[in-house]
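Enquirer: Sharing start_7.txt here; it has compact mmCIF, C-alpha atoms.
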# COMPACT_ATOMS: atom_id res chain seq x y z
CA MET A 1 0.00 0.00 0.00
CA ILE A 2 1.24 3.48 -0.97
CA GLY A 3 0.23 6.47 1.17
CA ILE A 4 -0.19 10.03 -0.11
CA ILE A 5 -0.04 13.12 2.12
CA ASP A 6 -1.17 16.42 0.64
CA VAL A 7 -0.14 19.00 3.23
CA ASP A 8 -1.62 22.17 1.80
CA SER A 9 -2.77 22.06 -1.83
CA LYS A 10 -5.77 24.26 -2.58
CA ILE A 11 -6.70 22.08 -5.55
CA PRO A 12 -5.86 18.44 -6.39
CA ASN A 13 -2.09 18.09 -6.36
CA LEU A 14 -0.81 17.31 -9.86
CA ALA A 15 2.49 15.74 -8.75
CA LEU A 16 0.79 13.45 -6.24
CA MET A 17 -1.77 12.35 -8.82
CA LYS A 18 1.06 11.43 -11.20
CA LEU A 19 2.80 9.43 -8.46
CA SER A 20 -0.48 7.65 -7.82
CA ARG A 21 -0.74 6.77 -11.52
CA PHE A 22 2.87 5.51 -11.52
CA HIS A 23 2.26 3.11 -8.65
CA LYS A 24 -1.15 1.91 -9.80
CA GLU A 25 0.32 0.99 -13.19
CA ARG A 26 2.73 -1.23 -11.28
CA GLY A 27 -0.04 -2.96 -9.40
CA ASP A 28 0.19 -1.05 -6.13
CA ASP A 29 -2.78 0.13 -4.11
CA VAL A 30 -2.71 3.88 -3.42
CA GLU A 31 -4.71 5.96 -0.98
CA LEU A 32 -4.64 9.26 0.87
CA PHE A 33 -2.66 8.62 4.06
CA LEU A 34 -4.51 7.46 7.17
CA PRO A 35 -2.52 8.16 10.36
CA LEU A 36 -4.07 5.20 12.18
CA ALA A 37 -2.88 2.90 9.40
CA ALA A 38 0.65 4.32 9.24
CA SER A 39 2.37 0.98 9.78
CA SER A 40 0.60 -0.59 6.78
CA TYR A 41 2.27 1.59 4.10
CA GLU A 42 5.27 0.42 2.14
CA LYS A 43 6.03 3.97 1.01
CA VAL A 44 4.58 7.40 1.78
CA TYR A 45 4.86 10.51 -0.40
CA VAL A 46 4.39 14.00 1.07
CA SER A 47 3.86 17.25 -0.83
CA LYS A 48 4.20 20.70 0.75
CA ILE A 49 3.42 23.58 -1.61
CA PHE A 50 3.73 26.60 0.68
CA GLU A 51 6.74 27.38 2.85
CA TYR A 52 4.55 28.77 5.64
CA SER A 53 2.54 25.55 6.03
CA GLU A 54 3.30 23.39 9.04
CA MET A 55 3.96 19.70 8.60
CA PRO A 56 1.30 17.47 10.19
CA TYR A 57 2.43 15.68 13.36
CA TYR A 58 2.34 12.30 11.64
CA VAL A 59 4.87 13.21 8.93
CA ASP A 60 8.15 11.35 9.51
CA GLN A 61 10.75 13.29 7.56
CA GLU A 62 13.28 10.47 7.83
CA GLN A 63 11.00 7.70 6.62
CA MET A 64 8.73 9.48 4.12
CA GLN A 65 9.61 10.90 0.69
CA ILE A 66 8.91 14.64 0.79
CA GLY A 67 8.82 17.18 -2.02
CA GLY A 68 7.06 20.32 -3.16
CA THR A 69 7.96 23.98 -3.60
CA GLY A 70 7.41 24.67 0.09
CA TYR A 71 9.91 21.98 1.09
CA ASP A 72 12.78 21.96 -1.43
CA LEU A 73 12.91 23.70 -4.82
CA LYS A 74 15.48 21.22 -6.11
CA ILE A 75 13.30 18.14 -5.71
CA SER A 76 11.33 17.20 -8.81
CA LEU A 77 9.48 14.17 -10.15
CA PRO A 78 11.48 11.60 -12.12
CA LEU A 79 10.96 12.18 -15.84
CA LYS A 80 9.16 8.84 -16.25
CA VAL A 81 6.60 9.99 -13.64
CA GLU A 82 6.35 13.57 -14.92
CA LYS A 83 5.28 12.28 -18.34
CA LEU A 84 2.33 10.32 -16.95
CA GLN A 85 -1.28 11.48 -16.95
CA PRO A 86 -2.62 12.27 -13.47
CA ASP A 87 -4.77 9.83 -11.51
CA TYR A 88 -7.80 12.04 -10.83
CA SER A 89 -9.51 9.27 -8.85
CA LEU A 90 -7.13 10.02 -5.94
CA TYR A 91 -9.19 13.16 -5.25
CA ARG A 92 -12.32 12.14 -7.15
CA TYR A 93 -11.80 15.24 -9.26
CA GLN A 94 -13.98 15.44 -12.36
CA HIS A 95 -12.19 18.16 -14.34
CA ASN A 96 -8.70 18.65 -15.80
CA ILE A 97 -5.50 20.21 -14.43
CA GLY A 98 -2.12 20.81 -16.02
CA PHE A 99 0.63 23.06 -17.35
CA SER A 100 0.70 24.25 -20.95
CA MET A 101 3.99 26.01 -20.16
CA ARG A 102 6.59 26.30 -17.41
CA GLY A 103 8.75 29.16 -16.23
CA CYS A 104 8.37 32.95 -16.29
CA ARG A 105 9.79 35.93 -18.16
CA PHE A 106 10.37 37.90 -14.95
CA ARG A 107 12.51 37.47 -11.86
CA CYS A 108 10.38 38.96 -9.09
CA LYS A 109 12.22 38.70 -5.78
CA PHE A 110 9.17 37.41 -3.93
CA CYS A 111 8.58 34.54 -6.41
CA VAL A 112 10.37 31.17 -6.60
CA VAL A 113 9.20 30.25 -10.11
CA PRO A 114 12.22 31.63 -12.04
CA GLU A 115 14.62 29.80 -9.73
CA LYS A 116 12.65 26.58 -9.93
CA GLU A 117 11.59 26.56 -13.59
CA GLY A 118 13.68 29.14 -15.46
CA GLN A 119 12.58 30.93 -18.62
CA PRO A 120 9.23 30.17 -20.32
CA VAL A 121 9.06 26.93 -22.27
CA GLU A 122 6.20 25.02 -23.90
CA ASN A 123 5.01 22.07 -21.80
CA ASN A 124 1.74 20.42 -22.87
CA SER A 125 -0.96 21.00 -25.44
CA ILE A 126 -4.53 21.46 -24.27
CA GLU A 127 -5.28 18.09 -25.86
CA ASP A 128 -2.66 16.54 -23.56
CA ILE A 129 -4.25 18.08 -20.47
CA TRP A 130 -7.92 17.55 -21.40
CA ILE A 131 -8.16 13.81 -20.67
CA GLN A 132 -11.43 13.73 -18.72
CA ARG A 133 -13.59 14.43 -21.73
CA ASP A 134 -16.85 14.30 -19.76
CA SER A 135 -15.84 17.71 -18.42
CA ASN A 136 -15.23 20.81 -20.54
CA PHE A 137 -13.33 22.55 -17.72
CA VAL A 138 -9.53 22.87 -17.80
CA VAL A 139 -7.50 24.45 -14.98
CA LEU A 140 -4.15 25.75 -16.20
CA LEU A 141 -1.35 26.06 -13.64
CA ASP A 142 0.83 28.19 -15.94
CA ASN A 143 2.64 30.99 -14.12
CA ASP A 144 3.00 33.06 -17.30
CA PHE A 145 0.50 31.83 -19.92
CA PHE A 146 1.22 34.56 -22.47
CA GLY A 147 4.94 33.97 -22.00
CA ASN A 148 4.47 30.62 -23.71
CA PRO A 149 6.06 30.87 -27.18
CA VAL A 150 3.02 29.03 -28.60
CA TRP A 151 0.27 30.68 -26.54
CA ALA A 152 -1.76 31.41 -29.70
CA ASP A 153 -1.90 27.66 -30.47
CA ARG A 154 -3.16 26.96 -26.95
CA ILE A 155 -5.89 29.61 -27.33
CA ALA A 156 -6.87 28.06 -30.65
CA GLU A 157 -7.23 24.65 -29.00
CA ILE A 158 -9.40 26.07 -26.22
CA ARG A 159 -11.67 27.70 -28.78
CA LYS A 160 -11.74 24.63 -31.05
CA HIS A 161 -13.08 22.41 -28.27
CA ASP A 162 -15.24 25.14 -26.69
CA LEU A 163 -13.60 24.63 -23.31
CA LYS A 164 -13.99 26.59 -20.13
CA VAL A 165 -10.54 27.56 -18.82
CA SER A 166 -9.17 28.89 -15.56
CA PHE A 167 -5.83 30.70 -15.73
CA SER A 168 -5.50 29.87 -12.06
CA GLN A 169 -2.16 31.58 -11.35
CA GLY A 170 -3.18 34.86 -12.95
CA LEU A 171 -2.12 36.71 -16.10
CA ASN A 172 0.28 39.63 -16.41
CA ILE A 173 -1.86 42.64 -17.26
CA ARG A 174 1.16 45.00 -17.24
CA ILE A 175 2.48 43.68 -20.54
CA ILE A 176 -0.63 42.21 -22.15
CA THR A 177 -0.88 43.22 -25.82
CA ASP A 178 -4.00 44.13 -27.79
CA GLU A 179 -3.73 40.78 -29.59
CA GLN A 180 -3.51 38.86 -26.31
CA ALA A 181 -6.38 40.80 -24.75
CA LYS A 182 -8.59 39.95 -27.72
CA ALA A 183 -7.51 36.31 -27.52
CA LEU A 184 -8.39 36.23 -23.82
CA ALA A 185 -11.81 37.76 -24.51
CA SER A 186 -12.45 35.11 -27.16
CA VAL A 187 -12.36 32.17 -24.72
CA ASN A 188 -14.70 31.07 -21.96
CA PHE A 189 -12.46 32.01 -19.03
CA SER A 190 -13.49 31.23 -15.46
CA ASN A 191 -12.36 31.46 -11.87
CA LEU A 192 -10.84 28.41 -10.17
CA SER A 193 -14.16 26.98 -9.04
CA GLY A 194 -15.61 27.18 -12.54
CA LYS A 195 -18.66 28.97 -11.19
CA LYS A 196 -17.88 32.56 -12.17
CA LYS A 197 -16.71 34.11 -15.45
CA GLN A 198 -13.69 35.90 -14.09
CA VAL A 199 -9.98 36.14 -14.90
CA HIS A 200 -7.20 36.96 -12.44
CA PHE A 201 -4.37 39.45 -12.84
CA ALA A 202 -1.95 40.87 -10.26
CA TRP A 203 -0.73 44.20 -8.91
CA ASP A 204 2.13 43.12 -6.69
CA GLN A 205 4.45 46.12 -6.66
CA PHE A 206 3.97 49.83 -6.12
CA GLY A 207 5.25 52.72 -8.18
CA LYS A 208 4.12 55.24 -10.78
CA GLY A 209 5.65 53.21 -13.58
CA THR A 210 3.87 50.05 -12.48
CA GLU A 211 0.57 51.86 -11.98
CA LYS A 212 0.76 53.29 -15.49
CA LEU A 213 1.27 49.81 -16.93
CA ILE A 214 -1.67 48.48 -14.89
CA ASP A 215 -3.88 51.29 -16.21
CA GLN A 216 -2.82 50.67 -19.81
CA GLY A 217 -3.38 46.94 -19.52
CA PHE A 218 -6.78 47.51 -17.93
CA GLU A 219 -7.75 49.70 -20.88
CA ARG A 220 -6.61 47.06 -23.38
CA VAL A 221 -8.56 44.32 -21.65
CA THR A 222 -11.76 46.35 -21.34
CA ALA A 223 -11.41 47.49 -24.97
CA ALA A 224 -11.30 43.80 -25.93
CA GLY A 225 -14.71 43.35 -24.31
CA ILE A 226 -13.92 42.06 -20.81
CA LYS A 227 -15.90 43.90 -18.14
CA PRO A 228 -14.23 45.23 -14.97
CA TYR A 229 -16.38 42.95 -12.80
CA GLN A 230 -15.01 40.01 -14.76
CA MET A 231 -11.51 40.86 -13.50
CA ALA A 232 -9.92 40.06 -10.15
CA PHE A 233 -6.49 41.12 -8.94
CA PHE A 234 -4.08 39.42 -6.58
CA VAL A 235 -2.51 42.16 -4.45
CA LEU A 236 0.67 41.24 -2.58
CA ILE A 237 1.19 43.10 0.70
CA GLY A 238 3.99 43.14 3.25
CA PHE A 239 6.87 42.46 0.88
CA ASN A 240 8.20 45.93 0.10
CA THR A 241 5.14 48.17 0.36
CA THR A 242 3.71 50.37 3.11
CA GLU A 243 0.21 50.32 4.57
CA GLU A 244 -0.59 53.47 2.60
CA GLN A 245 0.59 51.88 -0.65
CA ASP A 246 -1.35 48.69 0.04
CA LEU A 247 -4.57 50.60 0.68
CA TYR A 248 -4.05 52.75 -2.41
CA ARG A 249 -3.88 49.69 -4.68
CA ILE A 250 -6.84 47.98 -3.01
CA ASN A 251 -9.06 51.05 -3.10
CA LYS A 252 -8.14 51.97 -6.66
CA LEU A 253 -8.93 48.48 -7.97
CA HIS A 254 -12.25 48.42 -6.11
CA GLY A 255 -13.00 51.82 -7.61
CA MET A 256 -12.26 50.47 -11.09
CA GLY A 257 -14.91 47.79 -10.54
CA ALA A 258 -12.58 44.80 -10.15
CA ASP A 259 -12.45 42.25 -7.35
CA VAL A 260 -9.38 42.19 -5.12
CA PHE A 261 -7.75 39.28 -3.31
CA VAL A 262 -5.07 40.35 -0.86
CA MET A 263 -2.10 38.00 -0.47
CA PRO A 264 0.05 38.54 2.64
CA TYR A 265 3.77 37.94 2.24
CA ASN A 266 4.06 37.08 5.96
CA ARG A 267 0.93 35.36 7.21
CA GLN A 268 2.04 35.68 10.82
CA ASP A 269 2.25 39.47 10.75
CA PRO A 270 -0.78 40.98 12.58
CA TYR A 271 -1.17 43.86 10.11
CA GLN A 272 -1.07 41.61 7.05
CA LYS A 273 -3.50 39.15 8.62
CA ALA A 274 -5.90 41.97 9.47
CA LEU A 275 -5.79 43.67 6.05
CA SER A 276 -6.23 40.34 4.25
CA ARG A 277 -9.27 39.48 6.35
CA TRP A 278 -10.76 42.96 6.00
CA ASN A 279 -10.55 42.82 2.21
CA ASN A 280 -10.98 39.15 1.37
CA ARG A 281 -14.06 38.73 3.55
CA HIS A 282 -15.56 41.88 2.04
CA LEU A 283 -15.64 43.66 5.40
CA TRP A 284 -14.43 46.77 3.59
CA ARG A 285 -17.98 47.27 2.34
CA ASN A 286 -19.22 48.00 5.85
CA VAL A 287 -16.21 48.92 8.02
CA PRO A 288 -13.61 51.58 7.09
CA TRP A 289 -10.07 50.30 7.43
CA LEU A 290 -9.19 53.00 9.95
CA GLU A 291 -11.93 51.65 12.23
CA TYR A 292 -11.08 47.98 11.78
CA THR A 293 -9.31 45.86 14.40
CA TYR A 294 -8.53 42.16 14.34
CA GLY A 295 -6.46 39.92 16.58
CA ASP A 296 -3.22 41.63 17.56
CA TRP A 297 -3.76 44.41 15.04
CA ASN A 298 -5.05 47.40 16.94
CA ARG A 299 -4.04 50.99 16.43
As structure tokens, what does this structure read like?

Expert:
Amino acid sequence: MIGIIDVDSKIPNLALMKLSRFHKERGDDVELFLPLAASSYEKVYVSKIFEYSEMPYYVDQEQMQIGGTGYDLKISLPLKVEKLQPDYSLYRYQHNIGFSMRGCRFRCKFCVVPEKEGQPVENNSIEDIWIQRDSNFVVLLDNDFFGNPVWADRIAEIRKHDLKVSFSQGLNIRIITDEQAKALASVNFSNLSGKKKQVHFAWDQFGKGTEKLIDQGFERVTAAGIKPYQMAFFVLIGFNTTEEQDLYRINKLHGMGADVFVMPYNRQDPYQKALSRWNNRHLWRNVPWLEYTYGDWNR
């Protein structure tokens, strides 16, 4: 019996599903790890995506095989496993998940993708990823979709099969071109749940130059036919910005009609925890930030 421990994935873990496929093709039984049955497993795989996540008490770092971005950037799947299709039955997931490209054009200091994956390279076609044909929903894990040298081919595939697609890691609105904005508007994009027609971008850094690029990209996207309420922005706080700069970005994006999802750089910091909660739980609609207190955050 093979045990699988998913420490902190927000969606079905692609690497773990591929490991499950690898072992099942060799005749092994695979299941999500049960602590009470720990002694019955021949091998246990553990994935930790986020550095801030704590390991469960039952994880034995000497006996179990551990990987994931939040554990060690240098650990990767063997090539023979990486090439396999995922075993969606591990999570009973009915849709499709994968990468059409890897890497990123930028080297943001707060992001590990460039160090882990390097420059953008083509990875899979949409046909490769779309294996559960009973579902028309594909979740792309690409960190820089339009950085893919063959992004236009991937858009064409999505349109050809009339698929719903989530660009789950967000798109770079600062450098989106008119052609890319029109291509984005031409597909049935969705949020991660598949329940709302919405696409994510990001405004992670502060500065007049960055704000100008955000404004220009916003104009290109709206000119292509995407409504402001169909946009959501990840907003990183606590990395190299002040409270004033964080609030400026949040308030401006709300004023433009877009949704905002605040992402704290340090989840243990009282200020970042409070601002994230105030925005992400939509408390900003009823309570001004200057009147808001939460936990250890109190002016």

Enquirer: So what do you get for CA of Trp130 (chain A) versus CA of Lys116 (chain A), distance-wise?

Expert: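 Atom-to-atom, CA of Trp130 (chain A) and CA of Lys116 (chain A) are spaced 25.2 Å apart.
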
Enquirer: Hey, which of A:Ile11, A:Val46, A:His23, A:Asp259 ends up closest to Tyr91 (chain A)? Count only C-alpha atoms.

Expert: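 Closest residue, counting only C-alpha atoms: A:Ile11.
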
Enquirer: Check the smallest atom-to-atom distance from each of A:Ser190, A:Arg267, A:Phe206, A:Arg26 to Met231 (chain A) using all atoms listed in the file, then report the winner.

Expert: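 Residue with the minimum atom-to-atom distance to Met231 (chain A): A:Ser190.
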
Enquirer: Would you tabulate, counting only C-alpha atoms, all residues of region 111-223 of chain A that have an atom at most 12 Å from an atom of region 236-255 of chain A, showing the closest pair of atoms and their distance in Å to one decimal, sorted by chain then ascending number, as CSV?

Expert:
residue,atom,partner,partner_atom,distance
A:Cys111,CA,A:Phe239,CA,10.9
A:Phe201,CA,A:Leu253,CA,11.2
A:Ala202,CA,A:Leu236,CA,8.1
A:Trp203,CA,A:Leu236,CA,7.1
A:Asp204,CA,A:Leu236,CA,4.7
A:Gln205,CA,A:Thr241,CA,7.3
A:Phe206,CA,A:Gln245,CA,6.7
A:Gly207,CA,A:Gln245,CA,8.9
A:Lys208,CA,A:Gln245,CA,11.2
A:Thr210,CA,A:Arg249,CA,11.0
A:Glu211,CA,A:Arg249,CA,8.8
A:Ile214,CA,A:Leu253,CA,10.0
A:Asp215,CA,A:Leu253,CA,10.1
A:Phe218,CA,A:Leu253,CA,10.2

Enquirer: Compare A:Phe22, A:Trp284, A:Tyr292, A:Tyr52 by their minimum atom-to-atom distance to Pro264 (chain A), counting all atoms listed in the file, and give me the closest one.

Expert: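 Under the stated criterion, the closest residue is A:Tyr52.
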
Enquirer: Which residue, A:Ile173, A:Ile129, A:Ala224, A:Met101, has the smallest gap to Ile158 (chain A) when you use only C-alpha atoms?

Expert: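 Using only C-alpha atoms, the shortest distance to Ile158 (chain A) belongs to A:Ile129.
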
Enquirer: Mind giving me the straight-line distance from CA of Leu90 (chain A) to CA of Leu34 (chain A) in Å, one decimal?

Expert: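 Distance between the two atoms: 13.6 Å.
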
Enquirer: CA of Arg102 (chain A) and CA of Pro86 (chain A), how far apart in Å?

Expert: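 Rounded to one decimal, the two atoms are 17.2 Å apart.
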